$ cat target-v3.cif   # mmCIF, C-alpha atoms
data_my_file
#
loop_
_atom_site.label_atom_id
_atom_site.label_comp_id
_atom_site.auth_asym_id
_atom_site.auth_seq_id
_atom_site.Cartn_x
_atom_site.Cartn_y
_atom_site.Cartn_z
CA MET A 1 -2.35 -2.20 1.42
CA PHE A 2 -7.68 -7.79 6.60
CA PRO A 3 -7.12 -10.99 5.10
CA LEU A 4 -5.23 -8.57 3.02
CA GLN A 5 -1.87 -9.29 1.70
CA ARG A 6 -0.24 -6.51 3.57
CA SER A 7 0.14 -8.64 6.61
CA TRP A 8 0.06 -12.12 7.92
CA PHE A 9 -3.59 -11.63 7.28
CA HIS A 10 -2.77 -11.72 3.61
CA ALA A 11 -2.12 -15.40 3.30
CA PRO A 12 -3.87 -18.74 3.48
CA LEU A 13 -6.75 -19.21 5.79
CA ALA A 14 -4.32 -20.50 8.32
CA THR A 15 -1.48 -18.34 7.10
CA VAL A 16 -2.11 -14.79 6.45
CA VAL A 17 -1.53 -12.08 5.53
CA VAL A 18 1.62 -7.23 4.21
CA LEU A 19 18.17 2.83 -1.64
CA ALA A 20 23.10 5.41 -0.58
CA ALA A 21 25.21 5.50 -3.69
CA CYS A 22 23.83 8.39 -5.69
CA THR A 23 22.84 6.35 -8.71
CA ALA A 24 20.76 8.31 -11.16
CA ALA A 25 17.32 6.93 -11.85
CA PRO A 26 16.73 5.65 -15.36
CA PRO A 27 15.15 8.34 -17.54
CA THR A 28 11.42 7.93 -17.76
CA THR A 29 9.96 7.75 -21.23
CA SER A 30 6.46 7.21 -22.49
CA GLU A 31 5.75 4.35 -24.81
CA GLY A 32 2.34 4.02 -26.36
CA ALA A 33 0.64 5.24 -23.22
CA GLY A 34 -1.27 8.20 -24.54
CA LYS A 35 -5.05 8.39 -24.36
CA ALA A 36 -7.69 10.64 -25.78
CA GLY A 37 -8.01 14.17 -24.47
CA THR A 38 -9.56 14.59 -21.07
CA SER A 39 -11.83 16.88 -19.15
CA ARG A 40 -11.44 14.88 -15.96
CA PRO A 41 -9.57 16.26 -12.95
CA GLN A 42 -5.87 16.38 -13.60
CA LYS A 43 -3.64 14.13 -11.52
CA LYS A 44 -0.71 15.93 -10.04
CA ALA A 45 2.45 13.91 -9.60
CA THR A 46 5.68 15.04 -8.01
CA PRO A 47 8.86 14.32 -9.97
CA ALA A 48 10.89 11.51 -8.49
CA ALA A 49 13.85 13.74 -7.73
CA SER A 50 11.83 15.96 -5.44
CA LEU A 51 11.06 13.14 -3.09
CA THR A 52 14.68 12.77 -2.12
CA ALA A 53 15.14 16.48 -1.68
CA SER A 54 12.08 17.57 0.28
CA PRO A 55 12.62 18.44 3.94
CA PRO A 56 10.59 16.81 6.72
CA GLY A 57 7.03 18.00 6.88
CA THR A 58 6.90 19.26 3.32
CA PRO A 59 3.27 18.91 2.21
CA LYS A 60 2.61 16.84 -0.87
CA PRO A 61 0.71 18.23 -3.83
CA SER A 62 -3.06 18.13 -3.63
CA LEU A 63 -4.80 15.39 -5.50
CA THR A 64 -8.19 16.99 -5.21
CA PRO A 65 -10.41 16.66 -8.27
CA ALA A 66 -11.28 19.89 -9.96
CA SER A 67 -14.95 19.06 -9.79
CA ALA A 68 -17.13 16.95 -7.60
CA SER A 69 -18.36 14.82 -10.43
CA PRO A 70 -15.60 14.17 -12.97
CA PRO A 71 -16.64 13.31 -16.52
CA ALA A 72 -16.17 9.78 -17.69
CA SER A 73 -13.71 10.61 -20.44
CA ALA A 74 -10.26 9.10 -20.35
CA SER A 75 -7.14 10.93 -19.20
CA PRO A 76 -3.50 10.49 -19.99
CA PRO A 77 -1.46 8.19 -17.80
CA GLY A 78 0.12 9.88 -14.81
CA THR A 79 3.76 10.78 -14.55
CA PRO A 80 6.17 9.18 -12.08
CA LYS A 81 5.53 10.06 -8.48
CA PRO A 82 8.18 11.52 -6.25
CA SER A 83 9.86 9.79 -6.17
CA ALA A 84 20.91 -0.54 7.50
CA SER A 85 22.52 -2.35 8.93
CA GLY A 86 23.48 -6.11 9.18
CA LEU A 87 22.18 -6.44 12.72
CA THR A 88 21.78 -9.59 14.71
CA THR A 89 18.31 -9.61 16.14
CA PRO A 90 16.23 -11.97 18.25
CA THR A 91 13.55 -14.05 16.63
CA PRO A 92 10.11 -13.13 17.95
CA THR A 93 8.00 -15.79 19.54
CA PRO A 94 4.93 -16.78 17.53
CA SER A 95 1.48 -16.65 19.02
CA ALA A 96 0.52 -19.45 21.34
CA SER A 97 -1.33 -21.30 18.66
CA GLY A 98 1.53 -20.90 16.19
CA THR A 99 -0.98 -20.16 13.44
CA ALA A 100 -3.08 -17.29 12.36
CA PRO A 101 -6.78 -17.27 13.26
CA VAL A 102 -8.95 -18.99 10.69
CA THR A 103 -10.11 -15.95 8.80
CA PRO A 104 -10.20 -15.02 5.13
CA ALA A 105 -6.74 -14.63 3.67
CA ALA A 106 -5.02 -13.52 0.54
CA SER A 107 -4.08 -16.99 -0.56
CA ALA A 108 -7.49 -18.47 -0.07
CA SER A 109 -9.64 -19.23 -3.07
CA PRO A 110 -12.01 -16.29 -3.57
CA ALA A 111 -14.91 -18.70 -3.92
CA SER A 112 -14.11 -20.47 -0.65
CA THR A 113 -13.20 -17.46 1.48
CA PRO A 114 -15.89 -17.00 4.13
CA VAL A 115 -17.41 -13.54 4.08
CA PRO A 116 -18.54 -12.02 7.40
CA SER A 117 -22.27 -11.37 7.48
CA ASN A 118 -21.54 -7.81 8.57
CA LEU A 119 -19.28 -6.97 5.65
CA PRO A 120 -20.58 -3.56 4.56
CA SER A 121 -22.70 -3.59 1.42
CA PRO A 122 -23.49 -0.77 -1.01
CA GLY A 123 -26.41 1.35 0.17
CA ASN A 124 -26.25 -0.05 3.68
CA ALA A 125 -22.92 1.24 4.99
CA THR A 126 -21.71 4.09 7.13
CA VAL A 127 -18.32 5.79 7.39
CA GLY A 128 -16.68 6.50 10.74
CA THR A 129 -13.21 7.26 12.10
CA PHE A 130 -10.97 4.41 13.23
CA ALA A 131 -7.99 6.52 14.35
CA GLY A 132 -6.76 10.10 14.24
CA THR A 133 -8.17 13.47 15.24
CA GLY A 134 -7.46 15.02 11.85
CA ALA A 135 -4.81 17.34 13.25
CA VAL A 136 -1.29 17.00 11.86
CA GLY A 137 0.94 15.43 14.48
CA MET A 138 2.51 12.28 15.89
CA VAL A 139 0.80 12.03 19.24
CA ASN A 140 0.23 8.54 20.62
CA GLY A 141 -2.76 7.66 22.77
CA ALA A 142 -6.43 6.94 22.29
CA ALA A 143 -7.15 6.19 18.66
CA ASN A 144 -10.37 8.17 18.78
CA GLY A 145 -9.26 10.70 21.34
CA THR A 146 -5.79 12.19 21.18
CA ALA A 147 -3.80 10.26 18.57
CA THR A 148 -2.61 12.18 15.51
CA PHE A 149 -1.02 11.23 12.18
CA LYS A 150 0.43 12.98 9.15
CA GLU A 151 -0.62 11.61 5.77
CA PRO A 152 -0.94 7.92 6.78
CA LYS A 153 -0.99 5.73 3.66
CA GLY A 154 -0.09 2.08 4.28
CA LEU A 155 -2.14 -0.39 6.31
CA ALA A 156 -1.49 -3.98 7.40
CA LEU A 157 -2.93 -6.38 9.94
CA GLY A 158 -0.51 -8.17 12.25
CA PRO A 159 -0.74 -11.55 13.98
CA ASP A 160 -1.30 -9.69 17.25
CA GLY A 161 -4.50 -8.19 15.86
CA ALA A 162 -2.94 -4.74 15.60
CA VAL A 163 -3.35 -2.50 12.60
CA TYR A 164 0.08 -1.32 11.42
CA VAL A 165 0.21 2.08 9.74
CA ALA A 166 2.80 3.57 7.42
CA ASP A 167 2.57 7.12 8.77
CA THR A 168 4.13 8.59 5.65
CA GLY A 169 4.35 12.27 6.53
CA ASN A 170 5.79 11.51 9.96
CA HIS A 171 8.41 9.07 8.58
CA MET A 172 7.16 6.47 11.05
CA VAL A 173 5.42 3.14 11.45
CA ARG A 174 2.66 3.23 14.04
CA LYS A 175 0.19 0.63 15.22
CA VAL A 176 -3.33 0.66 16.59
CA LYS A 177 -4.29 -2.01 19.06
CA ASP A 178 -7.05 -2.14 21.64
CA GLY A 179 -7.99 1.45 20.84
CA GLN A 180 -4.49 2.80 21.48
CA VAL A 181 -1.93 4.19 19.02
CA THR A 182 1.77 3.53 19.68
CA THR A 183 5.00 3.95 17.72
CA VAL A 184 6.77 0.97 16.18
CA LEU A 185 9.58 2.77 14.31
CA GLY A 186 10.84 6.28 13.73
CA ASP A 187 10.81 9.54 15.65
CA GLY A 188 9.32 11.94 13.14
CA THR A 189 12.65 12.92 11.55
CA PHE A 190 15.02 11.50 8.97
CA THR A 191 18.76 11.78 8.43
CA THR A 192 20.51 9.49 5.93
CA PRO A 193 19.41 6.27 4.23
CA ASN A 194 21.88 4.39 6.46
CA ASP A 195 20.17 5.39 9.68
CA ALA A 196 18.71 2.13 10.97
CA ALA A 197 16.38 3.92 13.38
CA ARG A 198 14.77 6.35 10.95
CA LEU A 199 12.62 6.07 7.84
CA ARG A 200 11.77 8.58 5.11
CA SER A 201 8.24 8.84 3.78
CA PRO A 202 7.36 5.12 4.04
CA GLU A 203 4.29 4.33 1.94
CA ASP A 204 3.47 0.76 2.86
CA VAL A 205 3.95 -1.99 5.42
CA ALA A 206 3.47 -5.75 5.49
CA VAL A 207 3.56 -7.96 8.56
CA GLY A 208 4.56 -11.63 8.65
CA ARG A 209 3.05 -14.35 10.78
CA ASP A 210 6.19 -14.13 12.93
CA GLY A 211 5.54 -10.46 13.64
CA VAL A 212 8.34 -9.16 11.44
CA VAL A 213 7.38 -5.80 9.93
CA TYR A 214 8.42 -5.10 6.34
CA ILE A 215 8.59 -1.45 5.27
CA SER A 216 8.57 0.23 1.91
CA ASP A 217 10.99 3.05 2.82
CA THR A 218 9.95 5.05 -0.20
CA ALA A 219 12.13 8.18 -0.16
CA ASN A 220 15.18 6.22 1.00
CA HIS A 221 14.71 3.85 -1.95
CA ARG A 222 14.97 0.82 0.29
CA ILE A 223 12.95 -2.09 1.60
CA ARG A 224 13.54 -2.69 5.30
CA LYS A 225 12.41 -5.04 8.03
CA HIS A 226 12.02 -4.76 11.76
CA LYS A 227 11.99 -7.70 14.14
CA PRO A 228 10.07 -6.95 17.33
CA GLY A 229 12.45 -6.26 20.18
CA THR A 230 15.35 -5.18 17.98
CA VAL A 231 16.80 -1.97 19.43
CA ASP A 232 20.06 -0.01 19.44
CA THR A 233 22.21 0.68 22.50
CA ALA A 234 19.92 3.54 23.45
CA GLY A 235 16.86 1.30 23.34
CA LYS A 236 15.53 2.80 20.10
CA PRO A 237 13.77 0.38 17.70
CA ILE A 238 15.86 -0.21 14.58
CA THR A 239 15.59 -1.91 11.20
CA ASP A 240 17.70 -4.11 9.02
CA TRP A 241 17.65 -3.47 5.27
CA ILE A 242 16.59 -6.09 2.77
CA ILE A 243 17.35 -4.45 -0.56
CA GLY A 244 18.54 -1.10 -1.84
CA ASN A 245 21.61 1.02 -1.14
CA GLY A 246 19.85 4.34 -0.57
CA GLY A 247 20.38 5.47 -4.12
CA GLN A 248 17.59 6.15 -6.57
CA GLY A 249 18.04 3.72 -9.46
CA PHE A 250 17.30 0.36 -10.97
CA ALA A 251 19.24 -2.92 -10.74
CA ASP A 252 18.44 -6.54 -10.05
CA GLY A 253 20.81 -8.44 -7.79
CA GLU A 254 21.22 -9.12 -4.09
CA ALA A 255 20.92 -6.85 -1.07
CA ASP A 256 22.71 -3.51 -1.61
CA THR A 257 23.55 -4.26 -5.23
CA ALA A 258 19.84 -4.14 -6.02
CA GLU A 259 18.25 -0.75 -6.54
CA VAL A 260 14.70 0.53 -6.46
CA ASN A 261 13.18 3.94 -7.14
CA GLY A 262 10.50 5.17 -4.77
CA PRO A 263 8.96 1.77 -3.93
CA SER A 264 5.30 1.89 -3.01
CA GLY A 265 3.12 -1.17 -2.33
CA ILE A 266 4.58 -4.36 -0.85
CA ALA A 267 3.01 -7.76 -0.14
CA LEU A 268 4.18 -11.12 1.18
CA THR A 269 3.56 -14.33 -0.70
CA ALA A 270 1.38 -16.88 1.05
CA ASP A 271 4.37 -19.00 2.10
CA GLN A 272 6.08 -15.84 3.42
CA THR A 273 9.33 -16.63 1.57
CA LYS A 274 9.11 -13.78 -0.93
CA LEU A 275 8.07 -10.16 -0.98
CA TRP A 276 6.42 -8.43 -3.91
CA VAL A 277 7.57 -4.83 -4.43
CA VAL A 278 5.75 -2.29 -6.58
CA ASP A 279 8.71 -0.23 -7.80
CA SER A 280 6.61 2.80 -8.62
CA GLY A 281 9.35 5.15 -9.79
CA ASN A 282 10.65 2.50 -12.19
CA ASN A 283 7.17 1.39 -13.33
CA THR A 284 8.08 -2.22 -12.63
CA ILE A 285 7.04 -5.12 -10.41
CA ARG A 286 9.91 -6.71 -8.47
CA LEU A 287 10.12 -9.89 -6.39
CA VAL A 288 12.51 -10.41 -3.45
CA THR A 289 13.54 -13.82 -2.14
CA LEU A 290 13.81 -13.05 1.56
CA ALA A 291 16.35 -15.75 2.46
CA THR A 292 18.95 -14.45 -0.01
CA ARG A 293 17.69 -10.87 -0.52
CA ALA A 294 17.89 -11.49 -4.25
CA VAL A 295 15.72 -9.29 -6.46
CA VAL A 296 14.32 -9.99 -9.92
CA THR A 297 12.10 -7.84 -12.12
CA VAL A 298 9.09 -9.86 -13.15
CA ALA A 299 7.11 -7.30 -15.17
CA GLY A 300 7.56 -3.88 -16.74
CA LYS A 301 10.57 -2.08 -18.19
CA ALA A 302 12.50 0.31 -15.95
CA GLY A 303 12.13 3.95 -16.85
CA VAL A 304 9.43 3.37 -19.44
CA LEU A 305 5.86 4.54 -18.91
CA GLY A 306 3.23 2.70 -20.86
CA ASN A 307 -0.03 0.86 -21.00
CA ALA A 308 0.35 -2.68 -22.31
CA ASP A 309 -0.39 -6.20 -21.21
CA GLY A 310 2.28 -8.80 -21.84
CA THR A 311 5.00 -10.91 -20.25
CA GLY A 312 8.12 -9.63 -18.54
CA GLU A 313 9.59 -6.49 -20.14
CA THR A 314 6.84 -6.29 -22.74
CA ALA A 315 4.30 -5.26 -20.08
CA ARG A 316 3.98 -1.58 -19.26
CA PHE A 317 2.80 0.29 -16.17
CA SER A 318 2.30 3.94 -15.26
CA VAL A 319 2.94 4.88 -11.63
CA PRO A 320 1.69 1.63 -10.04
CA LYS A 321 0.90 1.98 -6.36
CA GLY A 322 -0.91 -0.45 -4.03
CA CYS A 323 -0.97 -4.22 -4.42
CA PHE A 324 -2.50 -7.39 -3.06
CA ALA A 325 -0.99 -10.90 -3.26
CA VAL A 326 -2.90 -14.11 -3.79
CA GLY A 327 -1.10 -17.37 -3.09
CA ASN A 328 2.54 -17.51 -4.16
CA ASP A 329 2.25 -16.49 -7.79
CA THR A 330 -0.42 -13.81 -8.27
CA LEU A 331 -0.42 -10.09 -7.59
CA TYR A 332 -3.14 -7.50 -8.17
CA VAL A 333 -1.78 -3.99 -8.79
CA ALA A 334 -3.42 -0.56 -8.71
CA ASP A 335 -1.92 0.91 -11.90
CA SER A 336 -2.72 4.49 -10.99
CA GLY A 337 -1.49 6.37 -14.06
CA ASN A 338 -3.27 3.98 -16.40
CA GLU A 339 -6.50 4.14 -14.37
CA LYS A 340 -6.56 0.35 -14.25
CA ILE A 341 -6.25 -2.72 -12.08
CA ARG A 342 -3.66 -5.15 -13.41
CA LYS A 343 -3.08 -8.79 -12.58
CA VAL A 344 0.41 -10.34 -12.58
CA VAL A 345 0.73 -14.14 -12.72
CA LEU A 346 4.21 -15.51 -12.10
CA ALA A 347 5.84 -18.39 -14.00
CA GLY A 348 9.50 -18.82 -13.09
CA ASN A 349 10.93 -15.30 -12.92
CA GLN A 350 8.56 -13.82 -15.50
CA GLY A 351 5.17 -12.33 -14.84
CA THR A 352 2.33 -12.23 -17.33
CA VAL A 353 0.28 -9.05 -16.97
CA THR A 354 -3.37 -8.73 -17.88
CA THR A 355 -5.92 -5.97 -17.29
CA VAL A 356 -8.79 -6.60 -14.90
CA ASP A 357 -12.19 -5.40 -16.07
CA PHE A 358 -12.86 -2.60 -13.58
CA PRO A 359 -13.98 0.51 -15.50
CA GLY A 360 -14.56 4.01 -14.20
CA LEU A 361 -11.35 4.47 -12.21
CA PHE A 362 -9.27 7.64 -12.30
CA ALA A 363 -6.38 7.18 -9.84
CA PRO A 364 -6.66 3.75 -8.21
CA ALA A 365 -4.56 3.73 -5.06
CA ASP A 366 -5.07 0.24 -3.69
CA VAL A 367 -6.75 -3.06 -4.46
CA LEU A 368 -7.68 -6.11 -2.45
CA LEU A 369 -9.49 -9.37 -3.06
CA PHE A 370 -11.84 -10.52 -0.32
CA GLY A 371 -14.19 -13.43 -0.81
CA PRO A 372 -16.00 -12.94 -4.13
CA TYR A 373 -15.24 -9.21 -4.22
CA LEU A 374 -12.45 -7.09 -5.62
CA PHE A 375 -12.24 -3.79 -3.72
CA VAL A 376 -10.53 -0.67 -5.08
CA SER A 377 -9.88 2.73 -3.51
CA ASP A 378 -9.53 5.75 -5.81
CA GLU A 379 -7.20 8.42 -4.49
CA VAL A 380 -8.68 11.31 -6.47
CA LEU A 381 -12.31 10.34 -6.99
CA ARG A 382 -12.50 9.58 -3.26
CA THR A 383 -14.38 6.34 -3.75
CA VAL A 384 -14.23 2.78 -2.49
CA GLU A 385 -15.80 0.40 -5.00
CA ARG A 386 -16.27 -3.33 -5.21
CA LYS A 387 -16.85 -5.77 -8.01
CA GLU A 388 -18.18 -9.29 -7.72
CA GLU A 389 -15.87 -11.35 -9.90
CA ALA A 390 -18.40 -14.03 -10.82
CA SER A 391 -21.22 -11.75 -11.93
CA GLY A 392 -19.16 -8.73 -12.98
CA THR A 393 -21.42 -6.46 -10.94
CA LYS A 394 -19.57 -3.29 -9.88
CA GLU A 395 -20.92 -1.03 -7.15
CA VAL A 396 -19.81 2.02 -5.19
CA LEU A 397 -19.48 1.23 -1.51
CA ALA A 398 -18.48 4.69 -0.31
CA ARG A 399 -17.88 8.01 -2.05
CA SER A 400 -17.32 11.67 -1.36
CA THR A 401 -18.42 14.04 -4.12
CA THR A 402 -17.15 16.93 -2.01
CA GLU A 403 -13.67 17.07 -0.55
CA GLY A 404 -13.77 17.35 3.21
CA PHE A 405 -14.30 15.44 6.41
CA VAL A 406 -17.67 14.15 7.54
CA ASP A 407 -18.62 10.80 9.08
CA GLY A 408 -22.00 9.43 8.09
CA ASP A 409 -23.84 7.53 5.39
CA ALA A 410 -21.28 6.05 3.01
CA LEU A 411 -23.03 7.26 -0.15
CA THR A 412 -24.83 10.45 0.80
CA THR A 413 -23.13 12.12 3.75
CA ALA A 414 -19.56 10.99 4.31
CA GLN A 415 -16.65 13.04 3.00
CA PHE A 416 -13.03 12.08 2.29
CA ARG A 417 -10.01 13.97 0.96
CA SER A 418 -7.34 11.65 -0.50
CA LEU A 419 -7.49 7.87 -0.18
CA ALA A 420 -4.76 5.24 -0.11
CA ASP A 421 -4.62 1.71 1.37
CA LEU A 422 -7.52 -0.61 2.13
CA LEU A 423 -7.75 -3.25 4.85
CA VAL A 424 -10.54 -5.66 5.76
CA MET A 425 -10.73 -6.46 9.46
CA PRO A 426 -11.78 -9.84 10.93
CA THR A 427 -14.93 -8.10 12.13
CA GLY A 428 -15.88 -7.29 8.54
CA GLU A 429 -15.33 -3.54 8.71
CA ILE A 430 -13.22 -2.03 5.96
CA LEU A 431 -10.47 0.44 6.81
CA VAL A 432 -9.22 3.03 4.34
CA ALA A 433 -6.31 5.41 4.83
CA ASP A 434 -7.72 8.89 4.29
CA TYR A 435 -4.31 10.52 4.26
CA GLY A 436 -5.71 13.88 3.15
CA ASN A 437 -7.57 14.04 6.45
CA ASN A 438 -4.70 12.54 8.51
CA ARG A 439 -7.06 9.80 9.59
CA ILE A 440 -7.80 6.10 9.21
CA ARG A 441 -11.49 5.79 8.32
CA LYS A 442 -13.73 2.75 8.70
CA ILE A 443 -16.68 1.58 6.62
CA THR A 444 -19.16 -0.54 8.52
CA GLN A 445 -22.51 -2.18 7.95
CA LYS A 446 -25.46 -0.20 9.28
#
$ encode --input "target-v3.cif" --output "structure tokens"
Amino acid sequence: MFPLQRSWFHAPLATVVVLAACTAAPPTTSEGAGKAGTSRPQKKATPAASLTASPPGTPKPSLTPASASPPASASPPGTPKPSASGLTTPTPTPSASGTAPVTPAASASPASTPVPSNLPSPGNATVGTFAGTGAVGMVNGAANGTATFKEPKGLALGPDGAVYVADTGNHMVRKVKDGQVTTVLGDGTFTTPNDAARLRSPEDVAVGRDGVVYISDTANHRIRKHKPGTVDTAGKPITDWIIGNGGQGFADGEADTAEVNGPSGIALTADQTKLWVVDSGNNTIRLVTLATRAVVTVAGKAGVLGNADGTGETARFSVPKGCFAVGNDTLYVADSGNEKIRKVVLAGNQGTVTTVDFPGLFAPADVLLFGPYLFVSDEVLRTVERKEEASGTKEVLARSTTEGFVDGDALTTAQFRSLADLLVMPTGEILVADYGNNRIRKITQK
């Protein structure tokens, strides 16, 4: 989780932007991560092991705040979340122009990124529905008529203008284009991690300029890719795996020797040669070289929860989730358990982690940089906020003090349930995955 990094739309202005051996996951420990006592709503996290054991359709724990207006006191970092095939596939044909439209992108300088005049602003925005009826299901069709989702979390913009959706609860990747929802991958079920046609609780997607779809196959502990037109003998769309062997664990290396644990956010670098992976269950940030499928850990220490800036293994995270890439060496991360936004700057194979000044968060789910603004969605507080980097001014763009579903004024009327990925569209509207309502919502200028 728009000139957002989750897709080709997450790259330069002209480039954009978007595990089966039963290896035990490293034990998770806490290291200097404790905070003062809290009266804020408690975050509920599912143990990593349960993610691999839950049957299809098992509802996830509610993340609803206990009160509509949580106190500002700190809370302890969260606990870890629940945590193909070697196919020969055709290479998709790029768009006629061979380049992405000239629109803001993840690799562009924030100061130079053009901002649409109709980008919604605080106090002058309204919330509507982009796709989904709210009913649980996997029906394709009119985005605002019959289409249904189940806990959609990941969003990415493709070179074809389509919005790609990690439909987490349905174990699918869907896309919305020209007002219609269709299926890209999956059939609503899962079998084994080696099934090239099925996913299991995917939490994020990224799309390259060539149309290749990258998937964070969270409960299968794998990162996969799908080239458009790649199907099996029955005509069913299939994937090839990039890293992971289907086992829940931690290891650097290449292809199936590398292991991840419930990966969450993913993002392509501006040159599209590498893929950032937020390895949420391991509390680490990983980087994959796509040509060789080699994985290195650039920040964090596997199995150790914590809250510390630093370089490489000295940095600590607590259940990191969404991310946004800038250029080839910078990644913004929603460090959910630490209630912070972190910034990772790469030098060689080591990342230096610093904390971004963005106070008042409780469970940040996603982050994106667009023009002069840093946008953050909060899963539990049900807010979308922005901060102007130059001035430091932070404002609430949309919020829901009451859990529910209502379209309307972004600050006074609209209601959300549980928020995940963000995406800025070329038109300026901001999409947010309201997975608690089984919908993709949109924030637009009045």
$ closest_residue --input "target-v3.cif" --among "A:Asp357, A:Asp309, A:Asp178, A:Asp271" --to "Ala162 of chain A" --atoms "all atoms listed in the file"
A:Asp178
$ atom_distance --input "target-v3.cif" --atom1 "atom CA of Arg209 of chain A" --atom2 "atom CA of Asp240 of chain A"
18.0 Å
$ closest_residue --input "target-v3.cif" --among "A:Gly145, A:Asn220, A:Lys236, A:Gly249" --to "Thr183 of chain A" --atoms "all atoms listed in the file"
A:Lys236
$ residues_near_point --input "target-v3.cif" --point "(3.1, 0.3, -6.4)" --cutoff "7 Å" --atoms "all atoms listed in the file" --output "MDAnalysis selection string"
chainID A and resid 263:265 278:280 319:323 333:334
$ resolve_selection --input "target-v3.cif" --expression "the PyMOL selection byres ((chain A and resi 293-303) around 6)" --output "ChimeraX atom specification"
/A:26-28,242,252-255,282,284-292,304,312-313,315-316,349-351
$ resolve_selection --input "target-v3.cif" --expression "the PyMOL selection byres ((chain A and resi 406-423) around 7)" --output "number ranges by chain"
A: 1-2, 4, 63, 123, 125-128, 153-156, 322, 365-366, 377-380, 382, 397-400, 402-405, 424-425, 430-437
$ atom_distance --input "target-v3.cif" --atom1 "atom CA of Pro159 of chain A" --atom2 "atom CA of Ala270 of chain A"
14.1 Å
$ resolve_selection --input "target-v3.cif" --expression "the PyMOL selection byres ((chain A and resi 352) around 6)" --output "ChimeraX atom specification"
/A:310-311,344-345,351,353
$ atom_distance --input "target-v3.cif" --atom1 "atom CA of Ile440 of chain A" --atom2 "atom CA of Thr129 of chain A"
6.2 Å
$ axis_aligned_box --input "target-v3.cif" --around "segment 381-392 of chain A" --padding-each-side "3 Å" --output "AutoDock Vina command-line options"
--center_x -16.8 --center_y -1.8 --center_z -7.7 --size_x 14.9 --size_y 30.4 --size_z 16.5
$ residues_around --input "target-v3.cif" --residues "Tyr214 of chain A" --least-positions-apart "3" --cutoff "10 Å" --atoms "only C-alpha atoms" --output "list of chain:residue names"
A:Arg6, A:Ser7, A:Val18, A:Asp204, A:Val205, A:Ala206, A:Val207, A:Gly208, A:Gly211, A:Asp217, A:Ile223, A:Arg224, A:Lys225, A:His226, A:Lys227, A:Thr239, A:Asp240, A:Trp241, A:Ile242, A:Ile266, A:Ala267, A:Leu268, A:Leu275
$ write_last_selection --input "target-v3.cif" --atoms "C-alpha atoms" --output "PDB file, in the coordinates of the input"
ATOM      1  CA  ARG A   6      -0.240  -6.510   3.570  1.00  0.00           C
ATOM      2  CA  SER A   7       0.140  -8.640   6.610  1.00  0.00           C
ATOM      3  CA  VAL A  18       1.620  -7.230   4.210  1.00  0.00           C
ATOM      4  CA  ASP A 204       3.470   0.760   2.860  1.00  0.00           C
ATOM      5  CA  VAL A 205       3.950  -1.990   5.420  1.00  0.00           C
ATOM      6  CA  ALA A 206       3.470  -5.750   5.490  1.00  0.00           C
ATOM      7  CA  VAL A 207       3.560  -7.960   8.560  1.00  0.00           C
ATOM      8  CA  GLY A 208       4.560 -11.630   8.650  1.00  0.00           C
ATOM      9  CA  GLY A 211       5.540 -10.460  13.640  1.00  0.00           C
ATOM     10  CA  ASP A 217      10.990   3.050   2.820  1.00  0.00           C
ATOM     11  CA  ILE A 223      12.950  -2.090   1.600  1.00  0.00           C
ATOM     12  CA  ARG A 224      13.540  -2.690   5.300  1.00  0.00           C
ATOM     13  CA  LYS A 225      12.410  -5.040   8.030  1.00  0.00           C
ATOM     14  CA  HIS A 226      12.020  -4.760  11.760  1.00  0.00           C
ATOM     15  CA  LYS A 227      11.990  -7.700  14.140  1.00  0.00           C
ATOM     16  CA  THR A 239      15.590  -1.910  11.200  1.00  0.00           C
ATOM     17  CA  ASP A 240      17.700  -4.110   9.020  1.00  0.00           C
ATOM     18  CA  TRP A 241      17.650  -3.470   5.270  1.00  0.00           C
ATOM     19  CA  ILE A 242      16.590  -6.090   2.770  1.00  0.00           C
ATOM     20  CA  ILE A 266       4.580  -4.360  -0.850  1.00  0.00           C
ATOM     21  CA  ALA A 267       3.010  -7.760  -0.140  1.00  0.00           C
ATOM     22  CA  LEU A 268       4.180 -11.120   1.180  1.00  0.00           C
ATOM     23  CA  LEU A 275       8.070 -10.160  -0.980  1.00  0.00           C
TER      24      LEU A 275
END
